[in-house]
$ cat final-v6.cif   # mmCIF, C-alpha atoms
data_my_file
#
loop_
_atom_site.label_atom_id
_atom_site.label_comp_id
_atom_site.auth_asym_id
_atom_site.auth_seq_id
_atom_site.Cartn_x
_atom_site.Cartn_y
_atom_site.Cartn_z
CA MET A 157 27.33 -35.04 -6.88
CA ASP A 158 28.41 -31.81 -5.25
CA THR A 159 31.48 -31.85 -3.06
CA THR A 160 31.43 -30.61 0.52
CA LEU A 161 32.98 -27.33 -0.61
CA GLU A 162 30.43 -26.85 -3.42
CA ILE A 163 27.54 -27.44 -1.02
CA GLY A 164 29.10 -25.02 1.44
CA LYS A 165 29.42 -22.36 -1.26
CA LYS A 166 25.80 -22.82 -2.33
CA LEU A 167 24.63 -22.56 1.29
CA VAL A 168 26.61 -19.37 1.87
CA SER A 169 25.32 -17.84 -1.36
CA LEU A 170 21.67 -18.62 -0.52
CA CYS A 171 22.01 -17.38 3.08
CA LYS A 172 23.66 -14.14 1.90
CA GLN A 173 20.60 -13.54 -0.29
CA GLY A 174 18.24 -14.38 2.57
CA HIS A 175 16.95 -17.48 0.77
CA TRP A 176 16.85 -19.54 3.96
CA LEU A 177 14.01 -21.85 2.99
CA GLU A 178 15.47 -22.49 -0.46
CA ALA A 179 18.71 -23.57 1.24
CA VAL A 180 16.79 -26.11 3.32
CA ASP A 181 14.77 -27.36 0.36
CA THR A 182 17.68 -27.77 -2.05
CA LEU A 183 20.66 -28.70 0.13
CA TYR A 184 19.29 -30.61 3.14
CA SER A 185 18.73 -34.33 3.46
CA PRO A 186 15.24 -35.59 4.40
CA ASP A 187 16.99 -36.96 7.49
CA ILE A 188 18.59 -33.67 8.54
CA VAL A 189 19.42 -33.28 12.25
CA SER A 190 19.56 -29.70 13.55
CA ILE A 191 21.11 -29.04 16.97
CA GLU A 192 21.18 -25.71 18.82
CA ALA A 193 23.87 -24.89 21.41
CA VAL A 194 21.22 -23.98 23.96
CA GLU A 195 17.65 -25.10 24.59
CA MET A 196 15.97 -21.74 23.91
CA ALA A 197 12.50 -23.29 24.08
CA PRO A 198 11.43 -26.69 25.44
CA GLY A 199 12.00 -29.48 22.95
CA ARG A 200 13.75 -27.25 20.44
CA LYS A 201 17.41 -28.03 21.07
CA ARG A 202 17.48 -30.96 18.67
CA MET A 203 15.25 -31.37 15.65
CA GLU A 204 15.13 -34.32 13.32
CA GLY A 205 13.77 -34.53 9.80
CA ILE A 206 13.24 -32.03 7.02
CA LYS A 207 9.67 -31.26 8.12
CA ALA A 208 10.75 -30.09 11.59
CA VAL A 209 13.65 -28.08 10.19
CA ARG A 210 11.44 -26.39 7.57
CA GLU A 211 8.99 -25.47 10.32
CA LYS A 212 11.84 -24.12 12.45
CA THR A 213 12.98 -21.97 9.52
CA LEU A 214 9.45 -20.73 8.80
CA ARG A 215 8.91 -19.91 12.49
CA PHE A 216 12.20 -17.99 12.57
CA LEU A 217 11.24 -15.97 9.48
CA LYS A 218 7.80 -15.27 10.96
CA ASP A 219 9.14 -14.26 14.39
CA VAL A 220 12.00 -11.93 13.49
CA ASP A 221 12.84 -8.95 11.32
CA ILE A 222 16.27 -9.48 9.78
CA HIS A 223 18.06 -6.16 9.31
CA SER A 224 21.24 -7.72 7.96
CA CYS A 225 23.06 -11.02 7.96
CA ALA A 226 26.76 -11.28 7.16
CA VAL A 227 27.83 -14.78 6.19
CA THR A 228 31.47 -15.92 6.10
CA GLY A 229 33.08 -19.11 4.88
CA PRO A 230 32.60 -21.89 3.99
CA TRP A 231 35.67 -23.50 5.52
CA PRO A 232 35.75 -27.22 4.69
CA HIS A 233 37.38 -30.19 6.39
CA GLY A 234 36.59 -33.61 4.92
CA ASP A 235 32.82 -34.14 4.92
CA ARG A 236 32.17 -31.11 7.15
CA PHE A 237 32.30 -27.34 6.74
CA ILE A 238 31.96 -24.31 9.00
CA VAL A 239 30.11 -21.07 8.22
CA GLY A 240 30.01 -17.87 10.29
CA PHE A 241 26.89 -15.73 10.77
CA THR A 242 26.53 -12.20 12.14
CA LEU A 243 22.82 -11.55 12.38
CA ASP A 244 21.32 -8.14 13.14
CA HIS A 245 17.68 -8.82 13.92
CA ALA A 246 14.73 -7.99 16.14
CA GLN A 247 11.84 -10.03 17.50
CA LYS A 248 8.52 -8.97 15.99
CA ASN A 249 6.53 -9.76 19.13
CA GLY A 250 6.91 -10.18 22.89
CA PRO A 251 8.81 -8.12 25.48
CA MET A 252 11.85 -7.69 23.17
CA ALA A 253 9.78 -6.61 20.16
CA GLY A 254 11.59 -4.15 17.93
CA LYS A 255 14.84 -4.23 19.93
CA ARG A 256 17.70 -4.85 17.51
CA VAL A 257 20.15 -7.48 18.65
CA THR A 258 23.28 -8.64 16.84
CA ILE A 259 24.32 -12.21 17.40
CA GLU A 260 27.45 -13.92 16.19
CA GLU A 261 27.57 -17.62 15.71
CA ALA A 262 29.33 -20.39 13.85
CA ALA A 263 27.63 -23.39 12.31
CA LEU A 264 29.15 -26.79 11.65
CA TYR A 265 27.58 -28.76 8.78
CA THR A 266 28.07 -32.45 7.96
CA VAL A 267 27.53 -33.68 4.40
CA LYS A 268 26.67 -37.18 3.25
CA ASP A 269 25.85 -38.31 -0.30
CA GLY A 270 25.73 -34.71 -1.52
CA LYS A 271 23.25 -33.42 1.09
CA ILE A 272 23.58 -31.73 4.48
CA VAL A 273 22.66 -34.32 7.11
CA LYS A 274 23.57 -32.35 10.26
CA GLU A 275 23.78 -28.70 11.29
CA GLU A 276 25.12 -27.70 14.69
CA PHE A 277 25.02 -24.10 15.90
CA PHE A 278 27.76 -22.72 18.14
CA TYR A 279 27.17 -19.55 20.19
CA GLN A 280 27.15 -18.18 23.68
CA MET A 281 24.00 -18.08 25.73
CA PRO A 282 22.46 -14.66 25.00
CA GLY A 283 22.22 -12.03 27.72
CA MET B 84 37.75 -27.06 36.39
CA ASP B 85 37.31 -24.60 33.54
CA THR B 86 34.21 -24.85 31.42
CA THR B 87 34.37 -25.20 27.64
CA LEU B 88 33.61 -21.48 27.30
CA GLU B 89 36.33 -20.47 29.80
CA ILE B 90 38.91 -22.58 27.98
CA GLY B 91 37.80 -21.07 24.68
CA LYS B 92 38.19 -17.55 26.07
CA LYS B 93 41.67 -18.32 27.39
CA LEU B 94 42.69 -19.79 24.03
CA VAL B 95 41.41 -16.76 22.12
CA SER B 96 43.15 -14.38 24.53
CA LEU B 97 46.51 -16.19 24.24
CA CYS B 98 46.27 -16.46 20.44
CA LYS B 99 45.42 -12.74 20.14
CA GLN B 100 48.62 -11.99 22.04
CA GLY B 101 50.62 -14.40 19.87
CA HIS B 102 51.29 -16.70 22.83
CA TRP B 103 50.81 -19.83 20.75
CA LEU B 104 53.14 -22.11 22.69
CA GLU B 105 51.73 -20.98 26.04
CA ALA B 106 48.26 -21.93 24.76
CA VAL B 107 49.49 -25.44 23.96
CA ASP B 108 51.32 -25.80 27.26
CA THR B 109 48.50 -24.57 29.49
CA LEU B 110 45.30 -25.64 27.73
CA TYR B 111 46.11 -28.84 25.81
CA SER B 112 45.82 -32.41 27.02
CA PRO B 113 48.93 -34.64 26.83
CA ASP B 114 46.80 -36.75 24.48
CA ILE B 115 45.88 -33.90 22.12
CA VAL B 116 45.00 -34.86 18.55
CA SER B 117 45.55 -32.15 15.91
CA ILE B 118 44.04 -32.60 12.44
CA GLU B 119 44.59 -30.37 9.41
CA ALA B 120 42.02 -30.09 6.60
CA VAL B 121 44.68 -30.88 4.03
CA GLU B 122 47.90 -32.89 4.06
CA MET B 123 50.31 -29.99 3.40
CA ALA B 124 53.36 -32.19 4.01
CA PRO B 125 53.59 -35.99 4.20
CA GLY B 126 52.56 -37.36 7.58
CA ARG B 127 51.45 -33.99 8.89
CA LYS B 128 47.68 -34.14 8.46
CA ARG B 129 47.09 -35.78 11.83
CA MET B 130 49.32 -35.40 14.86
CA GLU B 131 48.90 -37.12 18.17
CA GLY B 132 50.36 -36.19 21.53
CA ILE B 133 51.52 -32.96 23.09
CA LYS B 134 55.14 -33.48 21.95
CA ALA B 135 54.17 -33.61 18.27
CA VAL B 136 51.82 -30.62 18.60
CA ARG B 137 54.47 -28.54 20.44
CA GLU B 138 56.94 -29.35 17.65
CA LYS B 139 54.34 -28.39 15.04
CA THR B 140 53.82 -25.05 16.79
CA LEU B 141 57.55 -24.40 17.12
CA ARG B 142 58.08 -25.27 13.45
CA PHE B 143 55.28 -22.88 12.43
CA LEU B 144 56.79 -20.06 14.51
CA LYS B 145 60.24 -20.76 13.03
CA ASP B 146 59.00 -20.96 9.42
CA VAL B 147 56.73 -17.89 9.18
CA ASP B 148 56.64 -14.20 9.93
CA ILE B 149 53.25 -13.32 11.40
CA HIS B 150 52.23 -9.80 10.42
CA SER B 151 48.86 -9.95 12.15
CA CYS B 152 46.38 -12.51 13.36
CA ALA B 153 42.75 -11.62 14.06
CA VAL B 154 41.02 -14.13 16.30
CA THR B 155 37.22 -14.33 16.67
CA GLY B 156 35.02 -16.32 19.01
CA PRO B 157 34.94 -18.55 20.95
CA TRP B 158 31.52 -19.96 20.04
CA PRO B 159 30.67 -22.91 22.29
CA HIS B 160 28.37 -25.89 21.85
CA GLY B 161 28.49 -28.53 24.59
CA ASP B 162 32.05 -29.79 24.99
CA ARG B 163 33.23 -28.13 21.76
CA PHE B 164 33.92 -24.59 20.62
CA ILE B 165 34.81 -22.87 17.34
CA VAL B 166 37.35 -20.07 16.84
CA GLY B 167 38.03 -18.06 13.67
CA PHE B 168 41.51 -17.01 12.52
CA THR B 169 42.55 -14.50 9.86
CA LEU B 170 46.31 -14.80 9.55
CA ASP B 171 48.45 -12.38 7.57
CA HIS B 172 51.82 -14.09 7.29
CA ALA B 173 54.80 -14.87 5.05
CA GLN B 174 57.10 -17.85 4.76
CA LYS B 175 60.64 -17.04 5.87
CA ASN B 176 62.27 -19.44 3.40
CA GLY B 177 61.66 -21.24 0.11
CA PRO B 178 60.10 -20.04 -3.17
CA MET B 179 57.35 -18.07 -1.37
CA ALA B 180 59.75 -16.34 1.04
CA GLY B 181 58.59 -12.86 2.00
CA LYS B 182 55.32 -13.04 0.06
CA ARG B 183 52.51 -12.01 2.40
CA VAL B 184 49.49 -14.27 2.31
CA THR B 185 46.27 -13.89 4.28
CA ILE B 186 44.48 -17.10 5.16
CA GLU B 187 41.11 -17.46 6.81
CA GLU B 188 40.22 -20.55 8.72
CA ALA B 189 38.00 -21.87 11.46
CA ALA B 190 39.09 -24.30 14.15
CA LEU B 191 36.91 -26.74 16.04
CA TYR B 192 38.13 -27.68 19.53
CA THR B 193 36.92 -30.53 21.72
CA VAL B 194 37.33 -30.32 25.50
CA LYS B 195 37.49 -33.16 28.01
CA ASP B 196 38.20 -32.93 31.73
CA GLY B 197 39.15 -29.25 31.43
CA LYS B 198 41.72 -29.69 28.63
CA ILE B 199 41.60 -29.46 24.84
CA VAL B 200 41.83 -33.02 23.50
CA LYS B 201 41.23 -32.34 19.80
CA GLU B 202 41.75 -29.45 17.40
CA GLU B 203 40.51 -29.64 13.80
CA PHE B 204 41.32 -26.95 11.26
CA PHE B 205 38.84 -26.02 8.54
CA TYR B 206 40.00 -24.14 5.43
CA GLN B 207 40.13 -24.32 1.68
CA MET B 208 43.14 -25.72 -0.09
CA PRO B 209 45.43 -22.73 -0.71
CA GLY B 210 46.12 -21.56 -4.25
#
$ encode --input "final-v6.cif" --output "structure tokens"
Amino acid sequence: MDTTLEIGKKLVSLCKQGHWLEAVDTLYSPDIVSIEAVEMAPGRKRMEGIKAVREKTLRFLKDVDIHSCAVTGPWPHGDRFIVGFTLDHAQKNGPMAGKRVTIEEAALYTVKDGKIVKEEFFYQMPG
Amino acid sequence: MDTTLEIGKKLVSLCKQGHWLEAVDTLYSPDIVSIEAVEMAPGRKRMEGIKAVREKTLRFLKDVDIHSCAVTGPWPHGDRFIVGFTLDHAQKNGPMAGKRVTIEEAALYTVKDGKIVKEEFFYQMPG
């Protein structure tokens, strides 16, 4: 069974390559809980279960153009690890369409039985 | 009372200026708990109370030469925030004396009633 550090390294490697959905499918528990810092859309602050998190990932990939994503870490501590993301992206649709925005955030992951069971995103409210 | 984000910004500002002890004295709760990722020395993985954490800080400042310390963040999420540190430093004494080492780590802080009540350091085992 992979250690926390090994899972962290795999996650960072997949995210660096833009393989977001593969990361979810291979590293996440069926019971994953995903929690945003801010409720960007109603009912989307906290998601539970691999189905909801896959849909969230697919929606993200459908909604934005990713120009680049720098990924740092992982930094482990017991059964958790932190990863940093600097994401240069633009919405494909809506009033902000095409406007490139760079966001910085940190994510805290919790591992149990060799799978990621919780992801929590840390960032400031945009704007 | 300061918000989590305001406390995070103050901490980052003080750390950037190298005012480590001032950060402890002004932002930390008397009941602070400080937890390292790794037990570097016996009994020093977890410290409780402002006295122990002040002593830890003073010992760190006495033991190392800090050449530079880049501080990133804060990234908030509810009552917690994450800060990144890249520390270029050297031990003053012992077998590694004078050898410059750069370590990267992330720290997760928990805030309660306007004070930092927990700090947890995330990093890989050196070496």
$ atom_distance --input "final-v6.cif" --atom1 "CA of Val257 in chain A" --atom2 "CA of Gly91 in chain B"
23.1 Å
$ interface_residues --input "final-v6.cif" --of "chain A" --to "chain B" --cutoff "10 Å" --atoms "only C-alpha atoms" --output "ChimeraX atom specification"
/A:161,191-194,228-234,236-240,260-264,276-281
$ closest_residue --input "final-v6.cif" --among "B:Ala153, B:Val194, B:Val116, B:Val136" --to "Glu89 in chain B" --atoms "all atoms listed in the file"
B:Val194
$ axis_aligned_box --input "final-v6.cif" --around "range 166-170 of chain B" --padding-each-side "6 Å" --output "AutoDock Vina command-line options"
--center_x 41.8 --center_y -17.3 --center_z 13.2 --size_x 21.0 --size_y 17.6 --size_z 19.3
$ residues_around --input "final-v6.cif" --residues "Tyr184 in chain A" --least-positions-apart "5" --cutoff "8 Å" --atoms "only C-alpha atoms" --output "list in words"
Ala179, Ile206, Lys271, Ile272 and Val273 of chain A
$ write_last_selection --input "final-v6.cif" --atoms "C-alpha atoms" --output "compact mmCIF listing (two decimals), keeping the file's coordinate frame"
# COMPACT_ATOMS: atom_id res chain seq x y z
CA ALA A 179 18.71 -23.57 1.24
CA ILE A 206 13.24 -32.03 7.02
CA LYS A 271 23.25 -33.42 1.09
CA ILE A 272 23.58 -31.73 4.48
CA VAL A 273 22.66 -34.32 7.11
$ atom_distance --input "final-v6.cif" --atom1 "CA of Thr140 in chain B" --atom2 "CA of Asp171 in chain B"
16.6 Å
$ residues_around --input "final-v6.cif" --residues "Asp235 in chain A" --least-positions-apart "4" --cutoff "9 Å" --atoms "all atoms listed in the file" --output "PyMOL selection string"
chain A and resi 159-161+265-268
